Amino acid sequence: MTNVSGGMNRSSGPLPGGYAIKYAWLVVFLSVLVWSGIAPKDPFTWFLEASPAMIAGILVVTTYRSFPLTPMLYGFILAHCIVLMVGGHYTYAEVPLFDTLAELTDSGRNNYDKLGHFFQGFVPALLAREILIRKRVVNGKAWLYLFVVSICLAFSAFYELIEWWVAIASGQGADAFLGTQGYIWDTQSDMAWALAGALVSLAVLSRVHDRQLSRLVSG
């Protein structure tokens, strides 16, 4: 990790062949965004859920040359955006596939929101890890893990605050956005899933991530 972080500032542009990846990324992103915006279940919920994906899309495009990310991170950002846009189209409590899973497992609850919150930890963990390493913010694996997990939990908590503010401002109109489905511990559960996502991301992808960071430096 020290070797990777030590030379990160030498990267001055996208990876070779990156433009093809960039345009493919944009085609998939825009296709799903357009689909999600066509006759959504609840237009207000669609706007709330799709807005973070649109902001992410703008940031990915505008920072592509000045601060290119690893291909794996670009892929997971796209996957996270798709999760948000699908949830916005159907609302998190009514995604058809997860309705079917609820019936098969006799759970009585559509758990698509938990997938969303898992991604809320899984993908930001990679992003935070990449930025912290490349900017040489912390030294040592333990400190890196602590900072990454703390950032993910802070992000998850802030999102829960946003949900609360939206609920207060819009009243019943925010029910589909909140997606609590009557579960009183929904907020705590959402944060637990984000924590799990961050820990899984660090445990499973750190070595692959380091290899891609090394290639990004050498490129």
# chains A, B, ... in the order shown; residues from 1 in each chain; ligands from 1
>>> residues_around(residues="segment 201-210 of chain A", least_positions_apart="4", cutoff="12 Å", atoms="only C-alpha atoms", output="count of residues only")
46
>>> residues_around(residues="segment 87-92 of chain A", least_positions_apart="2", cutoff="8 Å", atoms="only C-alpha atoms", output="list in words")
Ser36, Gly37, Ile38, Ala39, Pro40, Lys41, Asp42, Thr45, Trp46, Phe47, Leu48, Glu49, Ala50, Val83, Leu84, Met85, Glu94, Val95, Pro96, Asn110, Asn111, Tyr112, Asp113, Ala176, Phe177 and Gly179 of chain A
>>> atom_distance(atom1="atom CA of Ala53 of chain A", atom2="atom CA of Ala198 of chain A")
18.9 Å
>>> closest_residue(among="A:Leu78, A:Val137, A:Pro68, A:Ile58", to="Ala24 of chain A", atoms="only C-alpha atoms")
A:Leu78
>>> atom_distance(atom1="atom CA of Pro52 of chain A", atom2="atom CA of Ser170 of chain A")
18.7 Å
>>> decode(residues="segment 25-110 of chain A", atoms="C-alpha atoms", output="short mmCIF file (atom, residue, chain, number, x, y, z; two decimals), in the first residue's frame")
data_model
loop_
_atom_site.label_atom_id
_atom_site.label_comp_id
_atom_site.auth_asym_id
_atom_site.auth_seq_id
_atom_site.Cartn_x
_atom_site.Cartn_y
_atom_site.Cartn_z
CA TRP A 25 -20.33 3.93 -19.12
CA LEU A 26 -22.25 6.96 -20.34
CA VAL A 27 -24.45 4.95 -22.71
CA VAL A 28 -25.49 2.53 -19.95
CA PHE A 29 -25.95 5.32 -17.40
CA LEU A 30 -28.08 7.52 -19.67
CA SER A 31 -30.12 4.57 -20.95
CA VAL A 32 -31.09 3.48 -17.45
CA LEU A 33 -31.71 7.09 -16.38
CA VAL A 34 -34.08 7.70 -19.29
CA TRP A 35 -35.88 4.41 -18.64
CA SER A 36 -36.23 5.18 -14.95
CA GLY A 37 -37.73 8.60 -15.68
CA ILE A 38 -40.46 7.25 -17.98
CA ALA A 39 -43.71 6.97 -16.01
CA PRO A 40 -42.16 6.28 -12.61
CA LYS A 41 -44.39 4.98 -9.83
CA ASP A 42 -44.00 8.21 -7.85
CA PRO A 43 -42.38 11.18 -9.68
CA PHE A 44 -41.39 12.84 -6.40
CA THR A 45 -39.63 9.69 -5.19
CA TRP A 46 -37.98 9.27 -8.59
CA PHE A 47 -36.51 12.76 -8.33
CA LEU A 48 -35.24 12.16 -4.80
CA GLU A 49 -33.67 8.79 -5.64
CA ALA A 50 -32.32 9.69 -9.09
CA SER A 51 -30.75 13.00 -8.00
CA PRO A 52 -27.72 11.38 -6.26
CA ALA A 53 -27.16 9.22 -9.35
CA MET A 54 -27.28 12.26 -11.61
CA ILE A 55 -24.85 14.13 -9.36
CA ALA A 56 -22.53 11.11 -9.43
CA GLY A 57 -22.76 10.98 -13.22
CA ILE A 58 -21.83 14.64 -13.54
CA LEU A 59 -18.87 14.22 -11.17
CA VAL A 60 -17.61 11.14 -13.01
CA VAL A 61 -17.65 12.99 -16.35
CA THR A 62 -16.16 16.26 -15.09
CA THR A 63 -13.32 14.64 -13.14
CA TYR A 64 -12.43 11.99 -15.71
CA ARG A 65 -9.29 13.75 -16.98
CA SER A 66 -8.20 15.59 -13.83
CA PHE A 67 -8.67 12.69 -11.40
CA PRO A 68 -9.34 9.40 -13.23
CA LEU A 69 -10.50 6.54 -11.04
CA THR A 70 -9.73 2.84 -11.26
CA PRO A 71 -11.88 0.86 -13.74
CA MET A 72 -13.31 -1.26 -10.94
CA LEU A 73 -14.50 1.83 -9.08
CA TYR A 74 -16.11 3.25 -12.22
CA GLY A 75 -17.97 -0.04 -12.64
CA PHE A 76 -19.26 -0.09 -9.07
CA ILE A 77 -20.29 3.58 -9.23
CA LEU A 78 -22.37 2.71 -12.28
CA ALA A 79 -23.90 -0.27 -10.49
CA HIS A 80 -24.77 1.93 -7.51
CA CYS A 81 -26.36 4.51 -9.81
CA ILE A 82 -28.46 1.78 -11.43
CA VAL A 83 -29.63 0.59 -8.00
CA LEU A 84 -30.73 4.15 -7.22
CA MET A 85 -32.48 4.65 -10.54
CA VAL A 86 -34.33 1.34 -10.38
CA GLY A 87 -35.43 2.16 -6.84
CA GLY A 88 -36.57 5.57 -8.02
CA HIS A 89 -38.60 4.12 -10.88
CA TYR A 90 -40.54 1.56 -8.84
CA THR A 91 -40.01 3.03 -5.32
CA TYR A 92 -37.89 0.96 -2.98
CA ALA A 93 -40.85 -0.87 -1.48
CA GLU A 94 -42.23 -2.06 -4.83
CA VAL A 95 -39.36 -3.34 -6.98
CA PRO A 96 -40.96 -6.38 -8.71
CA LEU A 97 -38.06 -8.82 -8.37
CA PHE A 98 -37.84 -8.21 -4.64
CA ASP A 99 -41.61 -8.58 -4.31
CA THR A 100 -41.16 -12.04 -5.80
CA LEU A 101 -38.29 -12.81 -3.42
CA ALA A 102 -40.45 -11.69 -0.49
CA GLU A 103 -43.15 -14.14 -1.57
CA LEU A 104 -40.68 -16.99 -2.05
CA THR A 105 -39.09 -16.43 1.35
CA ASP A 106 -42.37 -15.56 3.07
CA SER A 107 -40.68 -12.49 4.58
CA GLY A 108 -43.61 -10.17 3.97
CA ARG A 109 -41.24 -7.30 3.15
CA ASN A 110 -39.64 -5.97 -0.01
#
